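Just below is one structure, and these are the notes that go with it.
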Amino acid sequence: MLNYFVIMKRIVPLILFLIPFGGVANLYAQSNLEEQKAVIAERKDLQNLTEADLKARVTKKARKDAKALAREGWKPMPGTADLAQQLSEVRFRQYALAGKFPKYIVGRGSSVAATPGMARKQALARARVDVAATMSVEIAALTESTESTTELTGGEAETIAKTVETSKSMVQQSLGRTDAIMEIYREKDGKAEVQIAVSYDGGRAKAEILKLFGEEEKELKAKLEKLLDGAEQ
């Protein structure tokens with residue numbers, strides 16, 4: 001059968017949301033980063049939509065894609081919402097903005113194990129790691145934008161992006177509560193394959209990012225804080 005990536009590329013030309021299946025951890029992470037960059041680019045076409053219109057659009061697509069997932073054998077984990085509702089919620093949170101910064105940071109994880117419980121535990125851990133990686137991509141995109149460079153020099157923007165990128169493990173360890181917004185699984189070759197998406201509050205994400213800059217970087221931190229605060233106006 002067609003890989004889910006292929007299905008999504010064919011039936012979702014505007015709302016680009018690709019969820020990888022399993023694979024080696026580093027390849028999975030790289031795939032997620034590339035997809036996040038695509039999500040950021042897609043937001044430009046959606047940023048003028050009202051929250052209601054955005055929800056309506058992602059819900060319509062989610063219903064179609066849920067059927068494709070079901071044909072591939074995917075099911076919601078016991079006690080969770082149906083496939084369409086879960087897909088819709090993930091996509092909405094990926095595209096929702098508070099000004100120019102994400103209202104939510106979404107991380108995704110996938111795993112294959114002997115039981116759904118074991119696979120879920122591994123996928124959840126990977127999803128939390130992915131939150132920190134996603135934060136890094138979002139900050140890089142924000143500081144490199146044309147409007148941002150009116151506040152930051154090219155060197156300052158690069159310093160901020162590199163600082164956040166190299167501090168991902170520290171950020172991941174300091175994360176507070178993440179909400180599981182998608183939990184789906186399927187039986188494959190006698191094993192359980194699980195996909196999980198978690199959501200982290202965008203305001204808290206900004207606070208964690210600012211903590212990375214110490215007293216010796218006071219001026220740079222002040223500029224970044226101004227940029228982040230302005231993103232919510």
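To be explicit about the labels: the chains of the structure tokens are called A, B, and onward in the order shown, and within each one the residues are counted from 1, while ligands get numbers from 1 in the order they are shown.
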Residues within 8 Å of Arg126 of chain A, only C-alpha atoms, excluding chain neighbours under 2 positions, as a PDB file with all heavy atoms, in the first residue's frame:
ATOM      1  N   ARG A 108       6.238  15.258  17.647  1.00  0.00           N
ATOM      2  CA  ARG A 108       5.709  13.962  17.219  1.00  0.00           C
ATOM      3  C   ARG A 108       6.713  12.848  17.444  1.00  0.00           C
ATOM      4  O   ARG A 108       7.916  13.060  17.346  1.00  0.00           O
ATOM      5  CB  ARG A 108       5.343  14.022  15.735  1.00  0.00           C
ATOM      6  CG  ARG A 108       4.139  14.890  15.416  1.00  0.00           C
ATOM      7  CD  ARG A 108       4.182  15.409  14.001  1.00  0.00           C
ATOM      8  NE  ARG A 108       5.263  16.373  13.848  1.00  0.00           N
ATOM      9  CZ  ARG A 108       5.842  16.644  12.702  1.00  0.00           C
ATOM     10  NH1 ARG A 108       5.480  16.010  11.600  1.00  0.00           N
ATOM     11  NH2 ARG A 108       6.796  17.537  12.641  1.00  0.00           N
ATOM     12  N   GLY A 109       6.196  11.681  17.744  1.00  0.00           N
ATOM     13  CA  GLY A 109       7.059  10.526  17.963  1.00  0.00           C
ATOM     14  C   GLY A 109       6.410   9.265  17.437  1.00  0.00           C
ATOM     15  O   GLY A 109       5.186   9.143  17.424  1.00  0.00           O
ATOM     16  N   SER A 110       7.218   8.309  17.010  1.00  0.00           N
ATOM     17  CA  SER A 110       6.715   7.052  16.473  1.00  0.00           C
ATOM     18  C   SER A 110       7.602   5.918  16.956  1.00  0.00           C
ATOM     19  O   SER A 110       8.805   6.107  17.153  1.00  0.00           O
ATOM     20  CB  SER A 110       6.715   7.114  14.946  1.00  0.00           C
ATOM     21  OG  SER A 110       6.286   5.896  14.375  1.00  0.00           O
ATOM     22  N   GLN A 122       7.827   4.644  24.196  1.00  0.00           N
ATOM     23  CA  GLN A 122       8.950   5.089  23.387  1.00  0.00           C
ATOM     24  C   GLN A 122       8.559   6.266  22.488  1.00  0.00           C
ATOM     25  O   GLN A 122       9.313   7.237  22.343  1.00  0.00           O
ATOM     26  CB  GLN A 122       9.462   3.923  22.535  1.00  0.00           C
ATOM     27  CG  GLN A 122      10.060   2.789  23.342  1.00  0.00           C
ATOM     28  CD  GLN A 122      10.284   1.535  22.526  1.00  0.00           C
ATOM     29  OE1 GLN A 122      10.009   1.504  21.329  1.00  0.00           O
ATOM     30  NE2 GLN A 122      10.785   0.478  23.160  1.00  0.00           N
ATOM     31  N   ALA A 123       7.373   6.183  21.891  1.00  0.00           N
ATOM     32  CA  ALA A 123       6.909   7.249  21.002  1.00  0.00           C
ATOM     33  C   ALA A 123       6.699   8.546  21.770  1.00  0.00           C
ATOM     34  O   ALA A 123       6.994   9.637  21.269  1.00  0.00           O
ATOM     35  CB  ALA A 123       5.612   6.832  20.310  1.00  0.00           C
ATOM     36  N   LEU A 124       6.196   8.437  22.994  1.00  0.00           N
ATOM     37  CA  LEU A 124       5.964   9.620  23.812  1.00  0.00           C
ATOM     38  C   LEU A 124       7.277  10.314  24.155  1.00  0.00           C
ATOM     39  O   LEU A 124       7.377  11.548  24.102  1.00  0.00           O
ATOM     40  CB  LEU A 124       5.222   9.234  25.091  1.00  0.00           C
ATOM     41  CG  LEU A 124       4.825  10.376  26.031  1.00  0.00           C
ATOM     42  CD1 LEU A 124       3.907  11.356  25.306  1.00  0.00           C
ATOM     43  CD2 LEU A 124       4.146   9.810  27.274  1.00  0.00           C
ATOM     44  N   ARG A 128       8.432  14.225  22.966  1.00  0.00           N
ATOM     45  CA  ARG A 128       8.909  15.297  23.844  1.00  0.00           C
ATOM     46  C   ARG A 128      10.241  15.852  23.352  1.00  0.00           C
ATOM     47  O   ARG A 128      10.473  17.065  23.398  1.00  0.00           O
ATOM     48  CB  ARG A 128       9.039  14.786  25.273  1.00  0.00           C
ATOM     49  CG  ARG A 128       7.703  14.626  25.991  1.00  0.00           C
ATOM     50  CD  ARG A 128       7.908  14.099  27.404  1.00  0.00           C
ATOM     51  NE  ARG A 128       8.784  14.944  28.207  1.00  0.00           N
ATOM     52  CZ  ARG A 128       8.401  16.039  28.864  1.00  0.00           C
ATOM     53  NH1 ARG A 128       7.135  16.432  28.801  1.00  0.00           N
ATOM     54  NH2 ARG A 128       9.253  16.741  29.574  1.00  0.00           N
ATOM     55  N   VAL A 129      11.119  14.977  22.871  1.00  0.00           N
ATOM     56  CA  VAL A 129      12.381  15.437  22.294  1.00  0.00           C
ATOM     57  C   VAL A 129      12.096  16.302  21.066  1.00  0.00           C
ATOM     58  O   VAL A 129      12.749  17.329  20.837  1.00  0.00           O
ATOM     59  CB  VAL A 129      13.270  14.237  21.914  1.00  0.00           C
ATOM     60  CG1 VAL A 129      14.489  14.697  21.114  1.00  0.00           C
ATOM     61  CG2 VAL A 129      13.715  13.487  23.164  1.00  0.00           C
ATOM     62  N   ASP A 130      11.105  15.908  20.295  1.00  0.00           N
ATOM     63  CA  ASP A 130      10.767  16.636  19.079  1.00  0.00           C
ATOM     64  C   ASP A 130      10.218  18.031  19.378  1.00  0.00           C
ATOM     65  O   ASP A 130      10.348  18.934  18.559  1.00  0.00           O
ATOM     66  CB  ASP A 130       9.744  15.840  18.261  1.00  0.00           C
ATOM     67  CG  ASP A 130       9.569  16.384  16.857  1.00  0.00           C
ATOM     68  OD1 ASP A 130      10.595  16.562  16.161  1.00  0.00           O
ATOM     69  OD2 ASP A 130       8.419  16.649  16.458  1.00  0.00           O
TER      70      ASP A 130
END
Within 9 Å of segment 195-204 of chain A, which residues of segment 30-124 of chain A come that close, and what is the closest atom pair and distance in Å for each? Count only C-alpha atoms and give it as CSV.
residue,atom,partner,partner_atom,distance
A:Val90,CA,A:Ala197,CA,7.1
A:Arg93,CA,A:Ser199,CA,7.6
A:Gln94,CA,A:Ser199,CA,8.9
A:Leu97,CA,A:Gly202,CA,9.0
A:Ala98,CA,A:Gly202,CA,8.2
A:Phe101,CA,A:Gly202,CA,7.5
A:Pro102,CA,A:Gly202,CA,5.9
A:Lys103,CA,A:Gly202,CA,4.8
A:Tyr104,CA,A:Gly202,CA,4.5
A:Ile105,CA,A:Tyr200,CA,5.0
A:Val106,CA,A:Ser199,CA,4.5
A:Gly107,CA,A:Val198,CA,5.3
A:Arg108,CA,A:Ala197,CA,4.3
A:Gly109,CA,A:Ile196,CA,5.3
A:Ser110,CA,A:Gln195,CA,4.4
A:Ser111,CA,A:Gln195,CA,6.7
A:Ala119,CA,A:Gln195,CA,8.5
A:Arg120,CA,A:Ile196,CA,7.4
A:Ala123,CA,A:Ile196,CA,6.0
A:Leu124,CA,A:Ile196,CA,6.2
Those residues with C-alpha atoms, as a JSON list (two decimals), in the first residue's frame please?
[["chain", "number", "residue", "atom", "x", "y", "z"],
["A", 90, "VAL", "CA", -2.91, 18.23, 15.63],
["A", 93, "ARG", "CA", -2.31, 23.39, 16.76],
["A", 94, "GLN", "CA", 0.46, 23.23, 14.19],
["A", 97, "LEU", "CA", -0.37, 31.49, 15.76],
["A", 98, "ALA", "CA", -0.16, 34.05, 18.55],
["A", 101, "PHE", "CA", 4.99, 32.81, 17.03],
["A", 102, "PRO", "CA", 3.17, 29.49, 17.36],
["A", 103, "LYS", "CA", 0.40, 29.35, 19.91],
["A", 104, "TYR", "CA", 1.42, 25.73, 20.46],
["A", 105, "ILE", "CA", 4.59, 23.75, 19.84],
["A", 106, "VAL", "CA", 3.75, 20.30, 18.49],
["A", 107, "GLY", "CA", 6.14, 17.38, 18.81],
["A", 108, "ARG", "CA", 5.71, 13.96, 17.22],
["A", 109, "GLY", "CA", 7.06, 10.53, 17.96],
["A", 110, "SER", "CA", 6.72, 7.05, 16.47],
["A", 111, "SER", "CA", 7.80, 3.62, 17.63],
["A", 119, "ALA", "CA", 5.58, 1.40, 21.74],
["A", 120, "ARG", "CA", 3.55, 4.22, 23.27],
["A", 123, "ALA", "CA", 6.91, 7.25, 21.00],
["A", 124, "LEU", "CA", 5.96, 9.62, 23.81]]
Legend entry - Computed interatomic separation between atom CA of Thr59 of chain A and atom CA of Ser88 of chain A (Å): 5.0 Å
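You will find atom CA of Leu87 of chain A at 7.0 Å from atom CA of Met182 of chain A.
Closest approach to Glu51 of chain A among A:Gly79, A:Ala127, A:Glu215, A:Tyr95 is made by A:Tyr95 (distances from only C-alpha atoms).
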